[in-house]
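Chemist: See start.cif below, with mmCIF, N, CA and C atoms.
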```cif
data_model
loop_
_atom_site.label_atom_id
_atom_site.label_comp_id
_atom_site.auth_asym_id
_atom_site.auth_seq_id
_atom_site.Cartn_x
_atom_site.Cartn_y
_atom_site.Cartn_z
N MET A 258 19.27 1.68 -21.05
CA MET A 258 18.73 0.38 -20.68
C MET A 258 17.22 0.40 -20.95
N ALA A 259 16.73 -0.56 -21.69
CA ALA A 259 15.32 -0.61 -22.06
C ALA A 259 14.42 -0.95 -20.88
N ASP A 260 14.94 -1.67 -19.89
CA ASP A 260 14.13 -2.13 -18.77
C ASP A 260 14.50 -1.38 -17.48
N GLU A 261 14.51 -0.04 -17.56
CA GLU A 261 14.86 0.74 -16.37
C GLU A 261 13.78 0.57 -15.32
N ARG A 262 14.21 0.39 -14.10
CA ARG A 262 13.28 0.18 -12.98
C ARG A 262 13.26 1.42 -12.12
N THR A 263 12.37 2.33 -12.49
CA THR A 263 12.26 3.59 -11.78
C THR A 263 10.79 3.93 -11.56
N VAL A 264 10.55 4.79 -10.59
CA VAL A 264 9.20 5.29 -10.36
C VAL A 264 8.73 6.01 -11.62
N GLU A 265 9.61 6.79 -12.22
CA GLU A 265 9.25 7.55 -13.41
C GLU A 265 8.76 6.64 -14.53
N ARG A 266 9.38 5.47 -14.69
CA ARG A 266 8.95 4.54 -15.73
C ARG A 266 7.53 4.07 -15.46
N HIS A 267 7.21 3.82 -14.18
CA HIS A 267 5.86 3.38 -13.83
C HIS A 267 4.82 4.48 -14.09
N LEU A 268 5.22 5.73 -13.97
CA LEU A 268 4.29 6.84 -14.15
C LEU A 268 4.24 7.35 -15.60
N ARG A 269 5.21 6.95 -16.40
CA ARG A 269 5.27 7.38 -17.79
C ARG A 269 3.98 6.98 -18.52
N ASP A 270 3.45 7.89 -19.28
CA ASP A 270 2.25 7.66 -20.10
C ASP A 270 0.99 7.42 -19.29
N LYS A 271 1.02 7.69 -17.99
CA LYS A 271 -0.19 7.57 -17.18
C LYS A 271 -0.91 8.92 -17.21
N PRO A 272 -2.24 8.91 -17.13
CA PRO A 272 -2.98 10.17 -17.11
C PRO A 272 -2.59 11.01 -15.89
N ASP A 273 -2.70 12.32 -16.05
CA ASP A 273 -2.36 13.24 -14.96
C ASP A 273 -3.12 12.92 -13.68
N ASP A 274 -4.39 12.50 -13.81
CA ASP A 274 -5.19 12.17 -12.63
C ASP A 274 -4.57 11.03 -11.85
N VAL A 275 -4.04 10.03 -12.52
CA VAL A 275 -3.43 8.89 -11.85
C VAL A 275 -2.11 9.30 -11.21
N VAL A 276 -1.35 10.13 -11.88
CA VAL A 276 -0.10 10.63 -11.30
C VAL A 276 -0.39 11.43 -10.04
N ARG A 277 -1.46 12.24 -10.05
CA ARG A 277 -1.85 12.99 -8.85
C ARG A 277 -2.25 12.04 -7.72
N LEU A 278 -2.96 10.97 -8.04
CA LEU A 278 -3.31 9.98 -7.01
C LEU A 278 -2.05 9.37 -6.41
N TYR A 279 -1.09 9.03 -7.25
CA TYR A 279 0.19 8.49 -6.78
C TYR A 279 0.86 9.51 -5.84
N ASP A 280 0.93 10.77 -6.27
CA ASP A 280 1.57 11.80 -5.45
C ASP A 280 0.87 11.95 -4.10
N CYS A 281 -0.45 11.93 -4.10
CA CYS A 281 -1.21 12.05 -2.84
C CYS A 281 -0.94 10.85 -1.93
N PHE A 282 -0.88 9.66 -2.50
CA PHE A 282 -0.57 8.46 -1.71
C PHE A 282 0.81 8.62 -1.07
N ILE A 283 1.79 9.03 -1.85
CA ILE A 283 3.16 9.20 -1.33
C ILE A 283 3.18 10.27 -0.24
N GLU A 284 2.37 11.32 -0.36
CA GLU A 284 2.30 12.33 0.69
C GLU A 284 1.76 11.72 1.99
N LEU A 285 0.78 10.82 1.89
CA LEU A 285 0.26 10.15 3.10
C LEU A 285 1.36 9.34 3.77
N VAL A 286 2.15 8.64 2.98
CA VAL A 286 3.24 7.83 3.53
C VAL A 286 4.32 8.73 4.13
N ALA A 287 4.70 9.78 3.42
CA ALA A 287 5.75 10.67 3.90
C ALA A 287 5.35 11.35 5.21
N ALA A 288 4.07 11.57 5.43
CA ALA A 288 3.60 12.16 6.68
C ALA A 288 3.86 11.24 7.87
N CYS A 289 4.04 9.94 7.60
CA CYS A 289 4.30 8.97 8.66
C CYS A 289 5.76 8.94 9.07
N GLY A 290 6.66 9.27 8.14
CA GLY A 290 8.08 9.23 8.43
C GLY A 290 8.88 8.78 7.22
N PRO A 291 10.18 8.53 7.42
CA PRO A 291 11.04 8.14 6.31
C PRO A 291 10.72 6.73 5.81
N PHE A 292 10.95 6.53 4.52
CA PHE A 292 10.76 5.24 3.89
C PHE A 292 11.66 5.18 2.66
N THR A 293 11.80 3.99 2.13
CA THR A 293 12.58 3.82 0.90
C THR A 293 11.73 3.13 -0.15
N TYR A 294 12.18 3.25 -1.39
CA TYR A 294 11.52 2.62 -2.51
C TYR A 294 12.27 1.37 -2.92
N SER A 295 11.54 0.39 -3.39
CA SER A 295 12.11 -0.77 -4.05
C SER A 295 11.28 -0.96 -5.32
N VAL A 296 11.86 -0.60 -6.44
CA VAL A 296 11.11 -0.60 -7.69
C VAL A 296 11.47 -1.83 -8.51
N THR A 297 10.43 -2.56 -8.92
CA THR A 297 10.61 -3.73 -9.78
C THR A 297 9.97 -3.43 -11.13
N LYS A 298 10.04 -4.37 -12.01
CA LYS A 298 9.44 -4.22 -13.33
C LYS A 298 7.93 -4.03 -13.24
N THR A 299 7.29 -4.63 -12.23
CA THR A 299 5.82 -4.63 -12.16
C THR A 299 5.23 -3.74 -11.08
N ALA A 300 6.02 -3.25 -10.12
CA ALA A 300 5.43 -2.49 -9.02
C ALA A 300 6.45 -1.57 -8.35
N ILE A 301 5.91 -0.65 -7.58
CA ILE A 301 6.69 0.24 -6.73
C ILE A 301 6.40 -0.18 -5.29
N SER A 302 7.39 -0.70 -4.59
CA SER A 302 7.20 -1.11 -3.20
C SER A 302 7.78 -0.05 -2.28
N LEU A 303 7.13 0.11 -1.12
CA LEU A 303 7.57 1.06 -0.11
C LEU A 303 8.02 0.27 1.11
N LYS A 304 9.17 0.63 1.63
CA LYS A 304 9.75 -0.11 2.74
C LYS A 304 10.02 0.80 3.93
N GLY A 305 9.73 0.25 5.11
CA GLY A 305 10.05 0.93 6.36
C GLY A 305 11.41 0.48 6.85
N SER A 306 11.68 0.75 8.11
CA SER A 306 12.99 0.42 8.67
C SER A 306 13.22 -1.08 8.80
N ARG A 307 12.15 -1.89 8.84
CA ARG A 307 12.30 -3.34 8.99
C ARG A 307 11.83 -4.15 7.78
N ARG A 308 10.81 -3.66 7.06
CA ARG A 308 10.25 -4.46 5.96
C ARG A 308 9.37 -3.60 5.07
N GLY A 309 8.97 -4.18 3.94
CA GLY A 309 8.01 -3.52 3.08
C GLY A 309 6.64 -3.49 3.72
N PHE A 310 5.86 -2.48 3.38
CA PHE A 310 4.53 -2.34 3.97
C PHE A 310 3.46 -1.93 2.96
N ALA A 311 3.85 -1.51 1.78
CA ALA A 311 2.88 -1.08 0.77
C ALA A 311 3.49 -1.23 -0.61
N GLY A 312 2.62 -1.29 -1.59
CA GLY A 312 3.06 -1.36 -2.97
C GLY A 312 2.05 -0.67 -3.86
N LEU A 313 2.53 -0.17 -5.01
CA LEU A 313 1.69 0.60 -5.92
C LEU A 313 1.89 0.14 -7.36
N LYS A 314 0.78 0.17 -8.10
CA LYS A 314 0.80 -0.09 -9.54
C LYS A 314 -0.09 0.96 -10.20
N PRO A 315 0.51 2.04 -10.67
CA PRO A 315 -0.29 3.03 -11.39
C PRO A 315 -0.85 2.41 -12.68
N ARG A 316 -2.15 2.54 -12.87
CA ARG A 316 -2.83 2.02 -14.07
C ARG A 316 -3.30 3.22 -14.90
N HIS A 317 -4.00 2.94 -15.98
CA HIS A 317 -4.48 4.04 -16.83
C HIS A 317 -5.72 4.72 -16.28
N ALA A 318 -6.46 4.05 -15.41
CA ALA A 318 -7.67 4.66 -14.86
C ALA A 318 -7.73 4.60 -13.33
N SER A 319 -6.67 4.08 -12.70
CA SER A 319 -6.70 3.93 -11.24
C SER A 319 -5.29 3.80 -10.69
N LEU A 320 -5.21 3.91 -9.36
CA LEU A 320 -3.99 3.59 -8.64
C LEU A 320 -4.30 2.32 -7.86
N ASP A 321 -3.69 1.22 -8.25
CA ASP A 321 -3.86 -0.05 -7.57
C ASP A 321 -2.67 -0.26 -6.65
N GLY A 322 -2.89 -1.04 -5.60
CA GLY A 322 -1.79 -1.30 -4.69
C GLY A 322 -2.19 -2.22 -3.56
N TYR A 323 -1.31 -2.29 -2.59
CA TYR A 323 -1.60 -3.11 -1.41
C TYR A 323 -1.04 -2.44 -0.17
N LEU A 324 -1.63 -2.78 0.97
CA LEU A 324 -1.16 -2.38 2.28
C LEU A 324 -1.11 -3.62 3.15
N ASP A 325 -0.06 -3.79 3.93
CA ASP A 325 0.03 -4.87 4.91
C ASP A 325 -0.46 -4.32 6.25
N LEU A 326 -1.54 -4.91 6.78
CA LEU A 326 -2.13 -4.47 8.03
C LEU A 326 -2.22 -5.63 9.00
N GLN A 327 -2.32 -5.31 10.29
CA GLN A 327 -2.42 -6.33 11.33
C GLN A 327 -3.85 -6.79 11.57
N ARG A 328 -4.77 -6.27 10.81
CA ARG A 328 -6.18 -6.63 10.95
C ARG A 328 -6.81 -6.65 9.57
N ARG A 329 -7.96 -7.27 9.48
CA ARG A 329 -8.69 -7.30 8.21
C ARG A 329 -9.58 -6.06 8.13
N VAL A 330 -9.54 -5.37 7.01
CA VAL A 330 -10.36 -4.20 6.76
C VAL A 330 -11.32 -4.53 5.62
N GLU A 331 -12.59 -4.19 5.81
CA GLU A 331 -13.57 -4.34 4.75
C GLU A 331 -14.05 -2.96 4.35
N ASP A 332 -13.93 -2.65 3.07
CA ASP A 332 -14.28 -1.34 2.55
C ASP A 332 -14.36 -1.48 1.03
N PRO A 333 -15.20 -0.69 0.37
CA PRO A 333 -15.29 -0.80 -1.10
C PRO A 333 -13.96 -0.56 -1.83
N ARG A 334 -13.06 0.20 -1.22
CA ARG A 334 -11.75 0.44 -1.86
C ARG A 334 -10.86 -0.79 -1.81
N ILE A 335 -11.14 -1.68 -0.88
CA ILE A 335 -10.35 -2.91 -0.73
C ILE A 335 -10.96 -3.97 -1.65
N ARG A 336 -10.22 -4.36 -2.65
CA ARG A 336 -10.70 -5.35 -3.62
C ARG A 336 -10.69 -6.75 -3.04
N ARG A 337 -9.66 -7.03 -2.24
CA ARG A 337 -9.58 -8.32 -1.55
C ARG A 337 -8.52 -8.22 -0.46
N SER A 338 -8.69 -9.06 0.55
CA SER A 338 -7.69 -9.15 1.61
C SER A 338 -7.52 -10.62 1.95
N SER A 339 -6.32 -10.95 2.38
CA SER A 339 -6.05 -12.34 2.73
C SER A 339 -4.91 -12.38 3.74
N PRO A 340 -4.87 -13.45 4.55
CA PRO A 340 -3.75 -13.59 5.49
C PRO A 340 -2.44 -13.67 4.72
N TYR A 341 -1.45 -12.97 5.22
CA TYR A 341 -0.13 -12.96 4.60
C TYR A 341 0.85 -13.75 5.47
N THR A 342 0.74 -13.51 6.78
CA THR A 342 1.48 -14.27 7.79
C THR A 342 0.50 -14.48 8.95
N LYS A 343 0.99 -15.06 10.06
CA LYS A 343 0.12 -15.23 11.24
C LYS A 343 -0.39 -13.90 11.77
N ARG A 344 0.36 -12.84 11.55
CA ARG A 344 0.02 -11.55 12.15
C ARG A 344 -0.36 -10.48 11.14
N LEU A 345 -0.32 -10.78 9.85
CA LEU A 345 -0.56 -9.75 8.85
C LEU A 345 -1.57 -10.18 7.79
N PHE A 346 -2.32 -9.19 7.32
CA PHE A 346 -3.23 -9.36 6.18
C PHE A 346 -2.76 -8.43 5.08
N VAL A 347 -2.73 -8.92 3.86
CA VAL A 347 -2.43 -8.05 2.73
C VAL A 347 -3.77 -7.60 2.15
N HIS A 348 -3.90 -6.31 1.95
CA HIS A 348 -5.12 -5.69 1.44
C HIS A 348 -4.83 -5.07 0.07
N HIS A 349 -5.47 -5.57 -0.96
CA HIS A 349 -5.31 -5.03 -2.31
C HIS A 349 -6.39 -3.98 -2.53
N PHE A 350 -5.98 -2.78 -2.92
CA PHE A 350 -6.92 -1.68 -3.08
C PHE A 350 -6.90 -1.13 -4.50
N ARG A 351 -7.94 -0.39 -4.81
CA ARG A 351 -8.02 0.36 -6.07
C ARG A 351 -8.59 1.74 -5.72
N ILE A 352 -7.85 2.79 -6.10
CA ILE A 352 -8.26 4.17 -5.89
C ILE A 352 -8.49 4.80 -7.26
N VAL A 353 -9.65 5.43 -7.43
CA VAL A 353 -9.95 6.07 -8.71
C VAL A 353 -10.14 7.57 -8.61
N GLY A 354 -10.23 8.10 -7.39
CA GLY A 354 -10.40 9.54 -7.22
C GLY A 354 -9.76 10.03 -5.94
N PRO A 355 -9.40 11.31 -5.89
CA PRO A 355 -8.70 11.84 -4.71
C PRO A 355 -9.52 11.77 -3.43
N SER A 356 -10.84 11.82 -3.52
CA SER A 356 -11.66 11.76 -2.30
C SER A 356 -11.52 10.42 -1.59
N GLU A 357 -11.07 9.40 -2.30
CA GLU A 357 -10.88 8.08 -1.69
C GLU A 357 -9.65 8.02 -0.79
N LEU A 358 -8.75 8.97 -0.95
CA LEU A 358 -7.56 9.05 -0.09
C LEU A 358 -7.88 9.95 1.10
N ASP A 359 -8.89 9.56 1.85
CA ASP A 359 -9.43 10.34 2.94
C ASP A 359 -8.73 10.01 4.27
N ALA A 360 -9.28 10.53 5.36
CA ALA A 360 -8.68 10.31 6.69
C ALA A 360 -8.66 8.84 7.06
N GLU A 361 -9.69 8.09 6.70
CA GLU A 361 -9.71 6.66 7.01
C GLU A 361 -8.60 5.93 6.26
N PHE A 362 -8.43 6.25 4.97
CA PHE A 362 -7.36 5.63 4.20
C PHE A 362 -6.00 6.03 4.78
N ALA A 363 -5.86 7.28 5.21
CA ALA A 363 -4.60 7.73 5.82
C ALA A 363 -4.29 6.93 7.09
N GLU A 364 -5.33 6.55 7.85
CA GLU A 364 -5.12 5.71 9.03
C GLU A 364 -4.59 4.34 8.63
N TRP A 365 -5.11 3.78 7.55
CA TRP A 365 -4.60 2.48 7.08
C TRP A 365 -3.15 2.60 6.67
N VAL A 366 -2.81 3.69 5.99
CA VAL A 366 -1.43 3.92 5.59
C VAL A 366 -0.53 4.00 6.82
N ALA A 367 -0.98 4.71 7.85
CA ALA A 367 -0.19 4.82 9.08
C ALA A 367 -0.03 3.46 9.75
N GLU A 368 -1.07 2.65 9.75
CA GLU A 368 -0.98 1.29 10.31
C GLU A 368 0.01 0.45 9.51
N ALA A 369 -0.05 0.55 8.19
CA ALA A 369 0.88 -0.20 7.35
C ALA A 369 2.31 0.29 7.58
N TYR A 370 2.49 1.60 7.71
CA TYR A 370 3.81 2.15 7.98
C TYR A 370 4.38 1.58 9.28
N ALA A 371 3.53 1.45 10.31
CA ALA A 371 3.96 0.87 11.58
C ALA A 371 4.40 -0.58 11.38
N VAL A 372 3.72 -1.31 10.50
CA VAL A 372 4.15 -2.67 10.17
C VAL A 372 5.55 -2.63 9.55
N GLY A 373 5.78 -1.66 8.69
CA GLY A 373 7.10 -1.52 8.07
C GLY A 373 8.20 -1.27 9.09
N ALA A 374 7.82 -0.73 10.25
CA ALA A 374 8.78 -0.49 11.33
C ALA A 374 8.83 -1.66 12.32
N GLY A 375 8.03 -2.71 12.06
CA GLY A 375 8.09 -3.89 12.91
C GLY A 375 7.01 -3.98 13.97
N ALA A 376 5.96 -3.16 13.90
CA ALA A 376 4.92 -3.18 14.93
C ALA A 376 4.28 -4.55 15.09
N HIS A 377 4.20 -5.29 14.03
CA HIS A 377 3.56 -6.61 14.09
C HIS A 377 4.40 -7.63 14.87
N MET A 378 5.64 -7.33 15.12
CA MET A 378 6.52 -8.25 15.82
C MET A 378 6.21 -8.32 17.32
N SER A 379 5.61 -7.26 17.85
CA SER A 379 5.33 -7.24 19.29
C SER A 379 3.83 -7.21 19.60
N SER A 380 3.00 -7.34 18.58
CA SER A 380 1.55 -7.29 18.78
C SER A 380 1.05 -8.61 19.33
N PRO A 381 -0.09 -8.57 20.03
CA PRO A 381 -0.68 -9.82 20.51
C PRO A 381 -1.13 -10.68 19.34
N THR A 382 -1.21 -11.96 19.55
CA THR A 382 -1.69 -12.84 18.49
C THR A 382 -3.18 -12.65 18.35
N ARG A 383 -3.72 -13.06 17.21
CA ARG A 383 -5.13 -12.87 16.96
C ARG A 383 -5.87 -14.19 17.11
N ALA A 384 -7.13 -14.10 17.47
CA ALA A 384 -8.01 -15.27 17.52
C ALA A 384 -9.00 -15.09 16.38
N GLY A 385 -8.87 -15.88 15.32
CA GLY A 385 -9.69 -15.67 14.14
C GLY A 385 -9.30 -14.36 13.51
N ASP A 386 -10.27 -13.50 13.24
CA ASP A 386 -9.98 -12.19 12.67
C ASP A 386 -10.03 -11.08 13.69
N SER A 387 -10.24 -11.38 14.96
CA SER A 387 -10.27 -10.34 15.98
C SER A 387 -9.08 -10.53 16.92
N TRP A 388 -8.71 -9.46 17.57
CA TRP A 388 -7.55 -9.50 18.45
C TRP A 388 -7.90 -10.14 19.78
N ALA A 389 -7.01 -10.95 20.27
CA ALA A 389 -7.18 -11.55 21.61
C ALA A 389 -6.71 -10.53 22.65
N ASP A 390 -7.30 -10.58 23.82
CA ASP A 390 -6.90 -9.67 24.89
C ASP A 390 -5.62 -10.10 25.55
#
```
Would you write the structure of this file as structure tokens?

Modeler:
Amino acid sequence: MADERTVERHLRDKPDDVVRLYDCFIELVAACGPFTYSVTKTAISLKGSRRGFAGLKPRHASLDGYLDLQRRVEDPRIRRSSPYTKRLFVHHFRIVGPSELDAEFAEWVAEAYAVGAGAHMSSPTRAGDSWAD
């Protein structure tokens, strides 16, 4: 089949550095717990027990992707963020080096993983961009 939808197809012909970034990202997710893949023609999505929470697009010079978080994060790695639902923001990121997958990024991955397990379903509503008490 010419249009195989696999992780391997997304990583094919990518530089070793980008493949290593992908592997490191997946290690951060795996440290949170079990997840499944949903691979499309354009992206690799990661799903928790209730919903998707992250997606990846390996490029020739970077690892691009998104994380669904319950709050807005501002950081140079975040290219843009926008409301996705009443309780979620989608954060589009670009990673170009392994040092960018640091402890802070790992915390965002863990928060997104919790969203994949349904954490946003029982969270308090937000007032603007900050959480209400």

Chemist: On this structure, which residues satisfy the PyMOL selection byres (((chain A and resi 286 and name CA) around 10) and name CA), written as a list of chain:residue names?

Modeler: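 On the file shown, the PyMOL selection byres (((chain A and resi 286 and name CA) around 10) and name CA) covers A:Asp280, A:Cys281, A:Phe282, A:Ile283, A:Glu284, A:Leu285, A:Ala287, A:Ala288, A:Cys289, A:Gly290, A:Pro291, A:Phe292, A:Leu303, A:Ala311, A:Ala363, A:Val366, A:Ala367, A:Ala369, A:Tyr370.
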
Chemist: Take the residues from that selection and put them in a file with N, CA and C atoms, as a CSV table (one decimal), keeping the file's coordinate frame.

Modeler:
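Output below, filename again_23.csv:
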```
chain,number,residue,atom,x,y,z
A,280,ASP,N,0.9,10.8,-6.3
A,280,ASP,CA,1.6,11.8,-5.4
A,280,ASP,C,0.9,12.0,-4.1
A,281,CYS,N,-0.4,11.9,-4.1
A,281,CYS,CA,-1.2,12.0,-2.8
A,281,CYS,C,-0.9,10.8,-1.9
A,282,PHE,N,-0.9,9.7,-2.5
A,282,PHE,CA,-0.6,8.5,-1.7
A,282,PHE,C,0.8,8.6,-1.1
A,283,ILE,N,1.8,9.0,-1.8
A,283,ILE,CA,3.2,9.2,-1.3
A,283,ILE,C,3.2,10.3,-0.2
A,284,GLU,N,2.4,11.3,-0.4
A,284,GLU,CA,2.3,12.3,0.7
A,284,GLU,C,1.8,11.7,2.0
A,285,LEU,N,0.8,10.8,1.9
A,285,LEU,CA,0.3,10.2,3.1
A,285,LEU,C,1.4,9.3,3.8
A,287,ALA,N,4.7,9.8,3.4
A,287,ALA,CA,5.8,10.7,3.9
A,287,ALA,C,5.4,11.4,5.2
A,288,ALA,N,4.1,11.6,5.4
A,288,ALA,CA,3.6,12.2,6.7
A,288,ALA,C,3.9,11.2,7.9
A,289,CYS,N,4.0,9.9,7.6
A,289,CYS,CA,4.3,9.0,8.7
A,289,CYS,C,5.8,8.9,9.1
A,290,GLY,N,6.7,9.3,8.1
A,290,GLY,CA,8.1,9.2,8.4
A,290,GLY,C,8.9,8.8,7.2
A,291,PRO,N,10.2,8.5,7.4
A,291,PRO,CA,11.0,8.1,6.3
A,291,PRO,C,10.7,6.7,5.8
A,292,PHE,N,11.0,6.5,4.5
A,292,PHE,CA,10.8,5.2,3.9
A,292,PHE,C,11.7,5.2,2.7
A,303,LEU,N,7.1,0.1,-1.1
A,303,LEU,CA,7.6,1.1,-0.1
A,303,LEU,C,8.0,0.3,1.1
A,311,ALA,N,3.8,-1.5,1.8
A,311,ALA,CA,2.9,-1.1,0.8
A,311,ALA,C,3.5,-1.2,-0.6
A,363,ALA,N,-5.9,7.3,5.2
A,363,ALA,CA,-4.6,7.7,5.8
A,363,ALA,C,-4.3,6.9,7.1
A,366,VAL,N,-2.8,3.7,6.0
A,366,VAL,CA,-1.4,3.9,5.6
A,366,VAL,C,-0.5,4.0,6.8
A,367,ALA,N,-1.0,4.7,7.8
A,367,ALA,CA,-0.2,4.8,9.1
A,367,ALA,C,0.0,3.5,9.8
A,369,ALA,N,0.0,0.6,8.2
A,369,ALA,CA,0.9,-0.2,7.4
A,369,ALA,C,2.3,0.3,7.6
A,370,TYR,N,2.5,1.6,7.7
A,370,TYR,CA,3.8,2.2,8.0
A,370,TYR,C,4.4,1.6,9.3
```

Chemist: Interatomic distance between atom N of Glu265 of chain A and atom CA of Ile301 of chain A?

Modeler: 9.0 Å

Chemist: Find, counting only N, CA and C atoms, the residue in A:His377, A:Glu368, A:Lys314, A:His348 that gets nearest to Ser302 of chain A.

Modeler: A:Lys314

Chemist: Residue by residue, what does the PyMOL selection byres ((chain A and resi 300) around 8) grab here? Present the result as JSON, numbers by chain.

Modeler: {"A": [263, 264, 267, 295, 296, 297, 298, 299, 301, 302, 303, 312, 313, 314, 315]}

Chemist: Of the candidates A:Ala376, A:Val276, A:Ile352, A:Leu345, which one gets nearest to Leu326 of chain A if we count all atoms listed in the file?

Modeler: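 Going through A:Ala376, A:Val276, A:Ile352, A:Leu345 one by one, the smallest distance to Leu326 of chain A is for A:Leu345.
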
Chemist: Specify as a count of residues only each residue included when the PyMOL selection byres (((chain A and resi 378 and name CA) around 12) and name CA) is applied to this file.

Modeler: 18

Chemist: How far is it from atom CA of His317 of chain A to atom CA of Pro340 of chain A, in Å with one decimal?

Modeler: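 For atom CA of His317 of chain A relative to atom CA of Pro340 of chain A, the distance reads 28.5 Å.
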
Chemist: Set the distance at 8 Å and use only C-alpha atoms: which residues neighbour Gly354 of chain A once local chain neighbours fewer than 2 positions away are removed? I'd like the list as an MDAnalysis selection string.

Modeler: chainID A and resid 274 278 319 352 356:358

Chemist: Residues as selected, N, CA and C atoms, written as an mmCIF file, keeping the file's coordinate frame, can you do that?

Modeler:
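Written file, result.cif:
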```
data_model
loop_
_atom_site.group_PDB
_atom_site.id
_atom_site.type_symbol
_atom_site.label_atom_id
_atom_site.label_comp_id
_atom_site.auth_asym_id
_atom_site.auth_seq_id
_atom_site.Cartn_x
_atom_site.Cartn_y
_atom_site.Cartn_z
ATOM 1 N N ASP A 274 -4.390 12.500 -13.810
ATOM 2 C CA ASP A 274 -5.190 12.170 -12.630
ATOM 3 C C ASP A 274 -4.570 11.030 -11.850
ATOM 4 N N LEU A 278 -2.960 10.970 -8.040
ATOM 5 C CA LEU A 278 -3.310 9.980 -7.010
ATOM 6 C C LEU A 278 -2.050 9.370 -6.410
ATOM 7 N N SER A 319 -6.670 4.080 -12.700
ATOM 8 C CA SER A 319 -6.700 3.930 -11.240
ATOM 9 C C SER A 319 -5.290 3.800 -10.690
ATOM 10 N N ILE A 352 -7.850 2.790 -6.100
ATOM 11 C CA ILE A 352 -8.260 4.170 -5.890
ATOM 12 C C ILE A 352 -8.490 4.800 -7.260
ATOM 13 N N SER A 356 -10.840 11.820 -3.520
ATOM 14 C CA SER A 356 -11.660 11.760 -2.300
ATOM 15 C C SER A 356 -11.520 10.420 -1.590
ATOM 16 N N GLU A 357 -11.070 9.400 -2.300
ATOM 17 C CA GLU A 357 -10.880 8.080 -1.690
ATOM 18 C C GLU A 357 -9.650 8.020 -0.790
ATOM 19 N N LEU A 358 -8.750 8.970 -0.950
ATOM 20 C CA LEU A 358 -7.560 9.050 -0.090
ATOM 21 C C LEU A 358 -7.880 9.950 1.100
#
```

Chemist: Write down as a list in words the residues belonging to segment 304-361 of chain A that are assigned strand (DSSP E or B) by DSSP computed on the backbone.

Modeler: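 Answer for segment 304-361 of chain A, restricted to strand (DSSP E or B): Lys304, Gly309, Phe310, Ala311, Gly312, Leu313, Lys314, Pro315, Leu320, Asp321, Gly322, Tyr323, Leu324, Asp325, Leu326, Ile335, Arg336, Arg337, Ser338, Ser339, Pro340, Phe346, Val347, His348, His349, Phe350, Arg351 and Ile352 of chain A.
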
Chemist: Nearest to Gly305 of chain A among A:Asp325, A:His349, A:Arg337, A:Leu320, with distances taken over only C-alpha atoms: which residue is it?

Modeler: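 Smallest separation from Gly305 of chain A among the options: A:Asp325.
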
Chemist: Taking into account all atoms listed in the file, which residue in the set A:Val275, A:Arg266, A:Arg351, A:Ala318 is nearest to Arg336 of chain A?

Modeler: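 Going through A:Val275, A:Arg266, A:Arg351, A:Ala318 one by one, the smallest distance to Arg336 of chain A is for A:Arg351.
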
Chemist: Go through A:Tyr294, A:Ser339, A:Gly309, A:Asp321 and flag the residue nearest Arg262 of chain A, using only C-alpha atoms for the distances.

Modeler: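 The closest residue to Arg262 of chain A is A:Tyr294.
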
Chemist: Using only N, CA and C atoms, can you tell me which of A:Phe362, A:Glu261, A:Arg277, A:Phe310 comes closest to Leu324 of chain A?

Modeler: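 Distance minimum relative to Leu324 of chain A lands on A:Phe310.
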
Chemist: Work out how far apart atom CA of Glu331 of chain A and atom CA of Pro355 of chain A are and give it in Å to one decimal.

Modeler: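 Here the two named atoms are 19.4 Å from each other.
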